[in-house]
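Colleague: Contents are PDB, C-alpha atoms and all ligand atoms; file name protein35.pdb:
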ATOM      1  CA  MET A   1       9.770  19.056  22.607
ATOM      2  CA  LYS A   2      12.421  19.971  20.072
ATOM      3  CA  ILE A   3      14.709  17.462  18.472
ATOM      4  CA  HIS A   4      17.548  18.375  16.199
ATOM      5  CA  PRO A   5      17.934  15.740  13.579
ATOM      6  CA  HIS A   6      21.191  14.877  11.961
ATOM      7  CA  LYS A   7      20.214  12.366   9.408
ATOM      8  CA  LYS A   8      23.706  11.295   8.530
ATOM      9  CA  ASN A   9      24.635  10.745  12.143
ATOM     10  CA  ILE A  10      21.829   8.472  13.131
ATOM     11  CA  LYS A  11      22.716   6.538  16.210
ATOM     12  CA  ALA A  12      20.741   3.407  16.559
ATOM     13  CA  ILE A  13      20.508   2.193  20.078
ATOM     14  CA  LEU A  14      19.555  -1.387  20.163
ATOM     15  CA  PHE A  15      17.409  -2.568  22.968
ATOM     16  CA  ALA A  16      17.789  -6.095  21.791
ATOM     17  CA  ALA A  17      17.238  -7.429  25.266
ATOM     18  CA  LEU A  18      13.720  -6.002  25.313
ATOM     19  CA  ILE A  19      12.610  -8.055  22.388
ATOM     20  CA  GLY A  20      15.480 -10.414  22.024
ATOM     21  CA  LEU A  21      13.679 -13.618  22.719
ATOM     22  CA  THR A  22      15.225 -16.339  20.700
ATOM     23  CA  ILE A  23      12.323 -18.176  19.274
ATOM     24  CA  LEU A  24      12.856 -21.764  18.416
ATOM     25  CA  PHE A  25      10.137 -23.074  16.209
ATOM     26  CA  THR A  26       9.559 -26.733  16.689
ATOM     27  CA  ALA A  27       7.337 -28.765  14.471
ATOM     28  CA  SER A  28       4.747 -29.091  17.198
ATOM     29  CA  THR A  29       4.397 -25.410  17.999
ATOM     30  CA  ILE A  30       4.462 -24.143  14.456
ATOM     31  CA  GLN A  31       2.078 -26.503  12.734
ATOM     32  CA  LYS A  32      -0.998 -24.639  13.890
ATOM     33  CA  ASN A  33      -0.612 -21.620  11.687
ATOM     34  CA  SER A  34       2.114 -22.199   9.232
ATOM     35  CA  VAL A  35       3.090 -24.334   6.329
ATOM     36  CA  ALA A  36       6.481 -25.850   5.902
ATOM     37  CA  HIS A  37       8.542 -25.172   2.831
ATOM     38  CA  ALA A  38       8.013 -27.977   0.356
ATOM     39  CA  ALA A  39      11.679 -28.721  -0.202
ATOM     40  CA  ASN A  40      12.690 -29.504   3.359
ATOM     41  CA  SER A  41      11.427 -29.381   6.905
ATOM     42  CA  THR A  42      12.722 -25.863   7.638
ATOM     43  CA  ILE A  43       9.879 -23.414   8.145
ATOM     44  CA  LYS A  44      10.314 -20.746   5.502
ATOM     45  CA  TRP A  45       7.003 -18.976   5.526
ATOM     46  CA  ALA A  46       3.926 -18.659   7.674
ATOM     47  CA  ASN A  47       0.402 -17.395   7.490
ATOM     48  CA  PHE A  48      -0.059 -14.215   9.442
ATOM     49  CA  ASP A  49      -3.817 -14.007   9.544
ATOM     50  CA  VAL A  50      -4.522 -11.405  12.213
ATOM     51  CA  PRO A  51      -7.394  -9.382  10.723
ATOM     52  CA  THR A  52      -6.803  -5.698  10.042
ATOM     53  CA  SER A  53      -9.728  -4.805  12.316
ATOM     54  CA  ALA A  54      -8.151  -6.646  15.260
ATOM     55  CA  MET A  55      -4.837  -4.835  14.746
ATOM     56  CA  GLN A  56      -6.740  -1.554  14.535
ATOM     57  CA  ASP A  57      -8.691  -2.243  17.735
ATOM     58  CA  ALA A  58      -5.565  -3.425  19.577
ATOM     59  CA  LEU A  59      -3.759  -0.255  18.489
ATOM     60  CA  LYS A  60      -6.579   1.887  19.908
ATOM     61  CA  ALA A  61      -6.574  -0.037  23.185
ATOM     62  CA  ASP A  62      -2.800   0.433  23.480
ATOM     63  CA  ILE A  63      -2.974   4.177  22.748
ATOM     64  CA  ASN A  64      -5.850   4.631  25.204
ATOM     65  CA  THR A  65      -4.099   2.812  28.044
ATOM     66  CA  HIS A  66      -0.382   3.351  27.570
ATOM     67  CA  THR A  67      -0.109   5.950  30.323
ATOM     68  CA  SER A  68      -2.402   4.084  32.725
ATOM     69  CA  ALA A  69      -1.358   1.803  35.584
ATOM     70  CA  ASN A  70      -2.453  -1.250  33.614
ATOM     71  CA  PRO A  71      -1.591  -0.700  29.985
ATOM     72  CA  VAL A  72      -2.936  -3.038  27.317
ATOM     73  CA  HIS A  73      -0.032  -3.458  24.952
ATOM     74  CA  PHE A  74      -0.689  -4.009  21.261
ATOM     75  CA  VAL A  75       1.135  -7.350  20.999
ATOM     76  CA  ASP A  76      -0.265  -8.653  24.310
ATOM     77  CA  SER A  77      -3.821  -8.042  23.090
ATOM     78  CA  LEU A  78      -3.222  -9.817  19.808
ATOM     79  CA  ALA A  79      -1.521 -12.747  21.547
ATOM     80  CA  TYR A  80      -4.348 -12.993  24.094
ATOM     81  CA  LEU A  81      -6.973 -13.042  21.353
ATOM     82  CA  ALA A  82      -5.079 -15.554  19.183
ATOM     83  CA  ALA A  83      -4.681 -17.865  22.159
ATOM     84  CA  LYS A  84      -8.332 -17.454  23.127
ATOM     85  CA  TYR A  85      -9.379 -18.384  19.577
ATOM     86  CA  SER A  86      -6.755 -21.152  19.281
ATOM     87  CA  GLY A  87      -5.452 -19.302  16.270
ATOM     88  CA  ASN A  88      -8.806 -19.121  14.483
ATOM     89  CA  TRP A  89      -9.107 -15.396  13.887
ATOM     90  CA  LYS A  90     -12.465 -15.836  12.162
ATOM     91  CA  GLN A  91     -13.861 -15.728  15.686
ATOM     92  CA  TYR A  92     -12.616 -12.207  16.304
ATOM     93  CA  LYS A  93     -15.056  -9.861  18.019
ATOM     94  CA  ASN A  94     -14.176  -6.436  19.336
ATOM     95  CA  ALA A  95     -16.150  -7.295  22.488
ATOM     96  CA  ASP A  96     -13.479  -9.840  23.449
ATOM     97  CA  LEU A  97     -10.794  -7.164  23.330
ATOM     98  CA  SER A  98     -13.009  -4.739  25.281
ATOM     99  CA  ALA A  99     -13.533  -7.358  27.991
ATOM    100  CA  PHE A 100      -9.772  -7.979  28.165
ATOM    101  CA  THR A 101      -9.112  -4.226  28.403
ATOM    102  CA  GLN A 102     -11.723  -3.853  31.142
ATOM    103  CA  LYS A 103     -10.193  -6.661  33.198
ATOM    104  CA  ARG A 104      -6.799  -5.019  32.898
ATOM    105  CA  LYS A 105      -8.370  -1.715  33.982
ATOM    106  CA  ASN A 106      -9.723  -3.523  37.037
ATOM    107  CA  GLY A 107      -6.175  -4.503  37.896
ATOM    108  CA  GLU A 108      -5.993  -8.108  36.710
ATOM    109  CA  SER A 109      -2.498  -9.074  35.633
ATOM    110  CA  ILE A 110      -1.598 -10.412  32.195
ATOM    111  CA  GLU A 111      -0.285 -13.546  33.927
ATOM    112  CA  ASN A 112      -3.661 -14.216  35.546
ATOM    113  CA  LEU A 113      -5.612 -13.429  32.433
ATOM    114  CA  THR A 114      -3.525 -15.755  30.282
ATOM    115  CA  GLN A 115      -2.577 -18.564  32.660
ATOM    116  CA  ASN A 116      -5.141 -20.970  31.232
ATOM    117  CA  LEU A 117      -4.637 -19.914  27.651
ATOM    118  CA  LYS A 118      -2.446 -22.437  25.909
ATOM    119  CA  GLY A 119      -0.489 -20.793  23.178
ATOM    120  CA  TYR A 120      -0.364 -17.312  24.684
ATOM    121  CA  ILE A 121       3.423 -17.356  25.045
ATOM    122  CA  TYR A 122       3.876 -18.798  21.574
ATOM    123  CA  TYR A 123       1.646 -16.160  19.959
ATOM    124  CA  ASN A 124       3.284 -13.437  21.981
ATOM    125  CA  GLN A 125       6.684 -14.495  20.630
ATOM    126  CA  VAL A 126       5.483 -14.613  17.031
ATOM    127  CA  TYR A 127       3.647 -11.290  17.186
ATOM    128  CA  THR A 128       6.548  -9.681  19.015
ATOM    129  CA  ALA A 129       8.856 -10.814  16.229
ATOM    130  CA  ALA A 130       6.518  -9.409  13.576
ATOM    131  CA  LEU A 131       5.091  -6.301  15.257
ATOM    132  CA  GLY A 132       7.095  -5.803  18.427
ATOM    133  CA  ASN A 133       8.234  -2.363  17.339
ATOM    134  CA  ALA A 134       5.044  -1.269  15.580
ATOM    135  CA  VAL A 135       3.603   0.821  18.404
ATOM    136  CA  GLY A 136       5.356   3.213  20.725
ATOM    137  CA  GLU A 137       6.808   6.679  21.091
ATOM    138  CA  TYR A 138       7.800   8.615  18.034
ATOM    139  CA  ALA A 139       8.293  12.186  16.952
ATOM    140  CA  THR A 140       7.184  13.772  13.708
ATOM    141  CA  GLY A 141       8.245  17.000  12.149
ATOM    142  CA  ALA A 142      10.812  18.667   9.967
ATOM    143  CA  GLY A 143      13.624  21.142  10.377
ATOM    144  CA  ASN A 144      13.931  21.934  14.063
ATOM    145  CA  GLN A 145      10.284  21.414  14.925
ATOM    146  CA  TYR A 146       9.278  18.001  16.119
ATOM    147  CA  THR A 147       6.285  16.858  18.103
ATOM    148  CA  GLU A 148       6.338  13.798  20.293
ATOM    149  CA  ASN A 149       3.564  11.326  19.906
ATOM    150  CA  TYR A 150       2.532   7.790  20.770
ATOM    151  CA  GLY A 151       1.004   5.290  18.388
ATOM    152  CA  LEU A 152       1.712   3.419  15.179
ATOM    153  CA  LYS A 153       5.333   3.938  14.130
ATOM    154  CA  LEU A 154       5.224   1.956  10.898
ATOM    155  CA  SER A 155       4.396   3.538   7.546
ATOM    156  CA  CYS A 156       2.511   2.373   4.485
ATOM    157  CA  PRO A 157       4.949   1.343   1.724
ATOM    158  CA  ILE A 158       3.006   3.491  -0.781
ATOM    159  CA  ALA A 159       3.256   7.283  -0.354
ATOM    160  CA  ALA A 160       0.128   9.336   0.362
ATOM    161  CA  GLY A 161      -1.958  10.339  -2.643
ATOM    162  CA  TYR A 162      -0.986   7.424  -4.886
ATOM    163  CA  GLY A 163      -3.550   4.777  -5.798
ATOM    164  CA  TYR A 164      -2.821   1.099  -5.304
ATOM    165  CA  SER A 165      -4.593  -2.225  -5.123
ATOM    166  CA  HIS A 166      -3.656  -5.635  -3.819
ATOM    167  CA  TYR A 167      -5.056  -8.965  -2.757
ATOM    168  CA  ASP A 168      -3.750 -11.764  -0.567
ATOM    169  CA  ASP A 169      -1.378 -13.483  -2.995
ATOM    170  CA  PHE A 170       0.974 -14.914  -0.385
ATOM    171  CA  GLY A 171       2.036 -18.459  -1.130
ATOM    172  CA  ASN A 172       0.854 -18.443  -4.749
ATOM    173  CA  SER A 173       3.170 -20.366  -7.029
ATOM    174  CA  ARG A 174       5.894 -18.677  -9.052
ATOM    175  CA  SER A 175       7.912 -20.374 -11.733
ATOM    176  CA  PHE A 176      10.596 -18.007 -13.032
ATOM    177  CA  GLY A 177      13.932 -19.701 -12.383
ATOM    178  CA  PHE A 178      12.557 -22.468 -10.209
ATOM    179  CA  ALA A 179       9.205 -23.489  -8.757
ATOM    180  CA  ARG A 180       8.635 -21.614  -5.538
ATOM    181  CA  ARG A 181       6.128 -19.790  -3.405
ATOM    182  CA  HIS A 182       5.310 -16.101  -3.524
ATOM    183  CA  LEU A 183       6.836 -14.736  -0.325
ATOM    184  CA  GLY A 184       5.190 -11.337  -0.134
ATOM    185  CA  ASN A 185       2.421  -9.094  -1.362
ATOM    186  CA  ASP A 186       2.232  -7.521  -4.819
ATOM    187  CA  ILE A 187       0.915  -3.982  -4.564
ATOM    188  CA  MET A 188      -0.253  -2.800  -7.969
ATOM    189  CA  GLY A 189       0.275   0.864  -8.810
ATOM    190  CA  THR A 190       1.655   3.199 -11.421
ATOM    191  CA  VAL A 191       5.306   3.412 -12.428
ATOM    192  CA  GLY A 192       7.130   6.072 -10.437
ATOM    193  CA  THR A 193       4.939   5.928  -7.326
ATOM    194  CA  PRO A 194       7.197   6.773  -4.351
ATOM    195  CA  VAL A 195       7.877   3.735  -2.171
ATOM    196  CA  CYS A 196       8.437   4.406   1.534
ATOM    197  CA  ALA A 197      10.234   2.421   4.218
ATOM    198  CA  VAL A 198       7.713   0.653   6.435
ATOM    199  CA  GLU A 199      10.021   0.515   9.440
ATOM    200  CA  GLY A 200      13.312   2.252  10.026
ATOM    201  CA  GLY A 201      16.495   0.251   9.784
ATOM    202  CA  TYR A 202      19.739  -0.289   7.947
ATOM    203  CA  ILE A 203      19.923  -0.828   4.204
ATOM    204  CA  GLU A 204      21.250  -4.341   3.812
ATOM    205  CA  GLU A 205      20.698  -4.930   0.087
ATOM    206  CA  LEU A 206      20.606  -2.297  -2.637
ATOM    207  CA  GLY A 207      20.914  -3.203  -6.298
ATOM    208  CA  TRP A 208      19.930  -5.788  -8.872
ATOM    209  CA  ASN A 209      18.654  -9.280  -8.221
ATOM    210  CA  LYS A 210      17.581 -11.501 -11.117
ATOM    211  CA  TYR A 211      14.217 -12.198  -9.478
ATOM    212  CA  GLY A 212      13.412  -8.939  -7.722
ATOM    213  CA  GLY A 213      15.031  -6.628 -10.274
ATOM    214  CA  TRP A 214      16.025  -3.360  -8.622
ATOM    215  CA  ARG A 215      15.390  -4.071  -5.000
ATOM    216  CA  ILE A 216      16.106  -2.816  -1.503
ATOM    217  CA  GLY A 217      16.391  -4.907   1.644
ATOM    218  CA  ILE A 218      16.180  -3.129   4.976
ATOM    219  CA  ARG A 219      16.837  -4.772   8.313
ATOM    220  CA  SER A 220      15.073  -3.237  11.314
ATOM    221  CA  PHE A 221      17.236  -1.630  14.003
ATOM    222  CA  ASP A 222      16.482  -4.482  16.397
ATOM    223  CA  LYS A 223      17.567  -6.905  13.617
ATOM    224  CA  LYS A 224      14.423  -8.994  14.029
ATOM    225  CA  ARG A 225      12.788  -8.105  10.723
ATOM    226  CA  TYR A 226      13.966  -7.820   7.137
ATOM    227  CA  TYR A 227      11.867  -5.819   4.691
ATOM    228  CA  TYR A 228      12.132  -6.462   0.978
ATOM    229  CA  TYR A 229      10.960  -3.993  -1.698
ATOM    230  CA  ALA A 230      11.347  -5.246  -5.267
ATOM    231  CA  HIS A 231      10.703  -4.576  -8.986
ATOM    232  CA  LEU A 232      11.581  -0.880  -8.597
ATOM    233  CA  ARG A 233      11.558   1.450 -11.582
ATOM    234  CA  LYS A 234      13.791   1.009 -14.615
ATOM    235  CA  GLY A 235      16.266   3.857 -15.023
ATOM    236  CA  HIS A 236      15.841   5.523 -11.641
ATOM    237  CA  PRO A 237      14.872   2.850  -9.125
ATOM    238  CA  PHE A 238      16.194   4.256  -5.859
ATOM    239  CA  GLN A 239      16.074   7.493  -3.960
ATOM    240  CA  THR A 240      19.264   9.383  -4.818
ATOM    241  CA  GLY A 241      21.869   9.099  -2.083
ATOM    242  CA  LEU A 242      20.832   5.790  -0.553
ATOM    243  CA  VAL A 243      23.874   3.845   0.565
ATOM    244  CA  LYS A 244      24.184   0.290   1.799
ATOM    245  CA  ASN A 245      24.566  -0.004   5.579
ATOM    246  CA  GLU A 246      23.157   3.463   6.185
ATOM    247  CA  ALA A 247      20.003   4.060   8.156
ATOM    248  CA  VAL A 248      16.610   5.087   6.838
ATOM    249  CA  GLY A 249      13.571   6.061   8.862
ATOM    250  CA  SER A 250       9.957   4.909   8.709
ATOM    251  CA  GLY A 251       8.093   6.757   5.950
ATOM    252  CA  GLU A 252      11.211   7.898   4.105
ATOM    253  CA  VAL A 253      11.097   7.568   0.316
ATOM    254  CA  ILE A 254      13.494   4.778  -0.634
ATOM    255  CA  GLY A 255      12.605   4.161  -4.279
ATOM    256  CA  TYR A 256       9.999   4.137  -7.009
ATOM    257  CA  LEU A 257       7.482   1.536  -8.069
ATOM    258  CA  GLY A 258       8.275  -0.164 -11.345
ATOM    259  CA  MET A 259       8.323  -3.477 -13.152
ATOM    260  CA  THR A 260      11.940  -4.629 -13.266
ATOM    261  CA  GLY A 261      13.152  -8.158 -12.597
ATOM    262  CA  TYR A 262      13.197 -11.703 -13.932
ATOM    263  CA  SER A 263      16.406 -11.075 -15.836
ATOM    264  CA  ASP A 264      20.087 -11.780 -15.372
ATOM    265  CA  LYS A 265      20.751  -8.508 -17.161
ATOM    266  CA  GLU A 266      20.281  -5.322 -15.133
ATOM    267  CA  ASP A 267      17.602  -2.690 -15.648
ATOM    268  CA  ILE A 268      15.189  -4.917 -17.567
ATOM    269  CA  ASN A 269      11.424  -4.697 -17.187
ATOM    270  CA  GLY A 270      10.462  -8.331 -16.721
ATOM    271  CA  MET A 271       7.144  -7.865 -14.927
ATOM    272  CA  GLN A 272       3.867  -7.870 -16.798
ATOM    273  CA  LYS A 273       2.349  -5.112 -14.669
ATOM    274  CA  PRO A 274       3.892  -2.362 -12.549
ATOM    275  CA  HIS A 275       3.829  -3.294  -8.887
ATOM    276  CA  LEU A 276       5.793  -3.214  -5.689
ATOM    277  CA  HIS A 277       6.655  -6.611  -4.306
ATOM    278  CA  PHE A 278       6.694  -6.077  -0.556
ATOM    279  CA  GLY A 279       7.986  -8.827   1.708
ATOM    280  CA  MET A 280       8.694  -9.155   5.395
ATOM    281  CA  GLN A 281      10.914 -11.753   6.953
ATOM    282  CA  LEU A 282      11.276 -12.597  10.623
ATOM    283  CA  ILE A 283      14.794 -13.442  11.712
ATOM    284  CA  PHE A 284      15.149 -15.597  14.769
ATOM    285  CA  ASP A 285      18.765 -15.145  15.641
ATOM    286  CA  ASP A 286      21.678 -12.903  14.729
ATOM    287  CA  ALA A 287      22.962 -15.304  12.097
ATOM    288  CA  PRO A 288      23.280 -14.152   8.480
ATOM    289  CA  ARG A 289      19.956 -13.911   6.717
ATOM    290  CA  GLU A 290      20.591 -16.854   4.420
ATOM    291  CA  SER A 291      21.084 -19.248   7.312
ATOM    292  CA  ASN A 292      17.543 -20.693   7.096
ATOM    293  CA  ASN A 293      16.597 -19.393  10.514
ATOM    294  CA  GLU A 294      14.176 -16.991   8.927
ATOM    295  CA  LEU A 295      10.543 -16.872   8.033
ATOM    296  CA  TRP A 296       8.596 -14.883   5.458
ATOM    297  CA  ILE A 297       5.176 -13.876   6.713
ATOM    298  CA  ASP A 298       1.985 -12.933   4.940
ATOM    299  CA  VAL A 299       1.919  -9.115   5.022
ATOM    300  CA  TYR A 300      -1.421  -8.622   3.276
ATOM    301  CA  HIS A 301      -3.343  -7.551   6.403
ATOM    302  CA  ILE A 302      -0.367  -5.574   7.675
ATOM    303  CA  VAL A 303      -0.335  -3.530   4.454
ATOM    304  CA  ASP A 304      -4.025  -2.728   4.978
ATOM    305  CA  PHE A 305      -3.375  -1.838   8.608
ATOM    306  CA  LEU A 306      -0.627   0.576   7.524
ATOM    307  CA  ALA A 307      -2.926   2.485   5.160
ATOM    308  CA  GLN A 308      -3.621   4.896   8.036
ATOM    309  CA  ASN A 309       0.056   5.991   8.082
ATOM    310  CA  ARG A 310       0.860   7.180   4.590
ATOM    311  CA  SER A 311       3.838   9.447   4.161
ATOM    312  CA  GLN A 312       3.214  12.810   2.480
ATOM    313  CA  VAL A 313       5.866  13.471  -0.130
ATOM    314  CA  SER A 314       7.006  16.385  -2.257
ATOM    315  CA  LYS A 315       9.140  16.499  -5.359
ATOM    316  CA  ASN A 316      12.613  17.956  -5.452
ATOM    317  CA  GLY A 317      14.494  17.442  -8.703
ATOM    318  CA  LYS A 318      14.359  13.794  -9.741
ATOM    319  CA  ASP A 319      13.290  12.623  -6.331
ATOM    320  CA  TYR A 320      10.454  12.748  -3.872
ATOM    321  CA  HIS A 321      11.057  13.265  -0.177
ATOM    322  CA  SER A 322       8.841  12.770   2.829
ATOM    323  CA  VAL A 323       7.518  16.117   4.031
ATOM    324  CA  LYS A 324       7.875  15.054   7.667
ATOM    325  CA  ASP A 325      10.273  12.693   9.359
ATOM    326  CA  LEU A 326       8.959   9.998  11.652
ATOM    327  CA  LEU A 327      11.571   9.394  14.323
ATOM    328  CA  ASP A 328      11.365   6.186  16.306
ATOM    329  CA  MET A 329      12.115   7.267  19.858
ATOM    330  CA  ARG A 330      13.145   3.778  20.823
ATOM    331  CA  TYR A 331      16.016   3.532  18.410
ATOM    332  CA  LEU A 332      16.954   6.943  17.247
ATOM    333  CA  LEU A 333      18.380   9.625  19.417
ATOM    334  CA  TYR A 334      19.257  12.814  17.662
ATOM    335  CA  TYR A 335      21.484  15.424  19.236
ATOM    336  CA  ASP A 336      23.263  18.446  17.953
TER     337      ASP A 336
HETATM  338 ZN    ZN B   1       5.644 -10.396  -5.768
END
Now that the file is in, can you turn its structure into structure tokens?
Modeller:
Amino acid sequence: MKIHPHKKNIKAILFAALIGLTILFTASTIQKNSVAHAANSTIKWANFDVPTSAMQDALKADINTHTSANPVHFVDSLAYLAAKYSGNWKQYKNADLSAFTQKRKNGESIENLTQNLKGYIYYNQVYTAALGNAVGEYATGAGNQYTENYGLKLSCPIAAGYGYSHYDDFGNSRSFGFARRHLGNDIMGTVGTPVCAVEGGYIEELGWNKYGGWRIGIRSFDKKRYYYYAHLRKGHPFQTGLVKNEAVGSGEVIGYLGMTGYSDKEDINGMQKPHLHFGMQLIFDDAPRESNNELWIDVYHIVDFLAQNRSQVSKNGKDYHSVKDLLDMRYLLYYD
């Protein structure tokens, strides 16, 4: 299949209804796997402790069954397993997913398989909010040559060929400005490492913030997720040509790893070590982001899961560009 991309004329078609469940977190449903913000009762952040191996296995099951009569969707598998384990992912065994897949193959419905599993609907809502657009149809290529594919549509925030390290630092305390929690994952690397968009979306924030330094905020096309990339490089933080409110695709270079931030003054290196602060926020309605109806999740395992999809980049002048585009077939339709 050939697709003719027109990057500046990206038309995002929102299938909000597909994943537009309004999720109301009540104290009773959320307490199992999240911790309330210290300052008030609004839930501001939550543990997302699905192991990388479970996401990997669920991805394989989805890819293997997506054309069959009884597909085993990525999010359904994760929700089934979380409900089966009552949220305790330490119990995860691949055999449980295989058994679930086999029952689906034999024609058992999701409804039957989950009817006695308390929490299935809750976990399905949470995982849909976080990863509801992670797996599906996409096309990769460049120029006029694109190939359609099915699988993981999200990209690693660090371009291919660049070393990085990280650990689960979500929720650690931070004290610059005011006492608060660390709402993301610090990915250590070298200054100038190309940073790629994890999911496609619209650039919502682009510029200086006294905490994040040079930072970019991208809201997914379905508006359910907000991605935050901070502490970008002093001097040349962003990919040339990025404009607020314009669209970027998964795997596109958006900026460069650095150590800016913690300063009212712009373009100051306030970090002790170069790193990308990567954060992901779930948004539970269409209200403005600062309306408190939002939740930062722990992306540590997600970053590991995304290591399989690293964008190849090449240098052109001051900037790096992804060698191939990754077009999300659900949201982007390109026509000449
Ligand atoms: Zn950080």
Colleague: What residues come out when you apply the PyMOL selection byres (((chain A and resi 82-89) around 6) and not hetatm) to this file, written as a ChimeraX atom specification?
Modeller: /A:79-81,90-92,117,119-120
Colleague: As a PyMOL selection string, please: every protein or nucleic acid residue near ligand ZN 1 (chain B) (cut-off 6 Å, counting only C-alpha atoms and all ligand atoms).
Modeller: chain A and resi 184-186+277
Colleague: Hey, can you check how far CA of Ala58 (chain A) sits from CA of Phe74 (chain A)?
Modeller: 5.2 Å
Colleague: Going by the chain IDs and residue numbers used in this file, which residues fall under the PyMOL selection byres (((chain A and resi 328) around 7) and not hetatm)? Write them as a PyMOL selection string.
Modeller: chain A and resi 137-139+153+326-327+329-332
Colleague: If we count only C-alpha atoms and set the cut-off at 7 Å, which residues sit around region 311-317 of chain A, ignoring sequence neighbours fewer than 6 positions away in its own chain? Please answer as a list in words.
Modeller: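 The residues satisfying every condition are Ser155, Ala159, Ala160, Gly251 and Val323 of chain A.
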Colleague: Output the selection as a short mmCIF file (atom, residue, chain, number, x, y, z; two decimals), in the frame of the given file - C-alpha atoms for each residue.
Modeller:
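selection_38.cif written:
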data_model
loop_
_atom_site.label_atom_id
_atom_site.label_comp_id
_atom_site.auth_asym_id
_atom_site.auth_seq_id
_atom_site.Cartn_x
_atom_site.Cartn_y
_atom_site.Cartn_z
CA SER A 155 4.40 3.54 7.55
CA ALA A 159 3.26 7.28 -0.35
CA ALA A 160 0.13 9.34 0.36
CA GLY A 251 8.09 6.76 5.95
CA VAL A 323 7.52 16.12 4.03
#
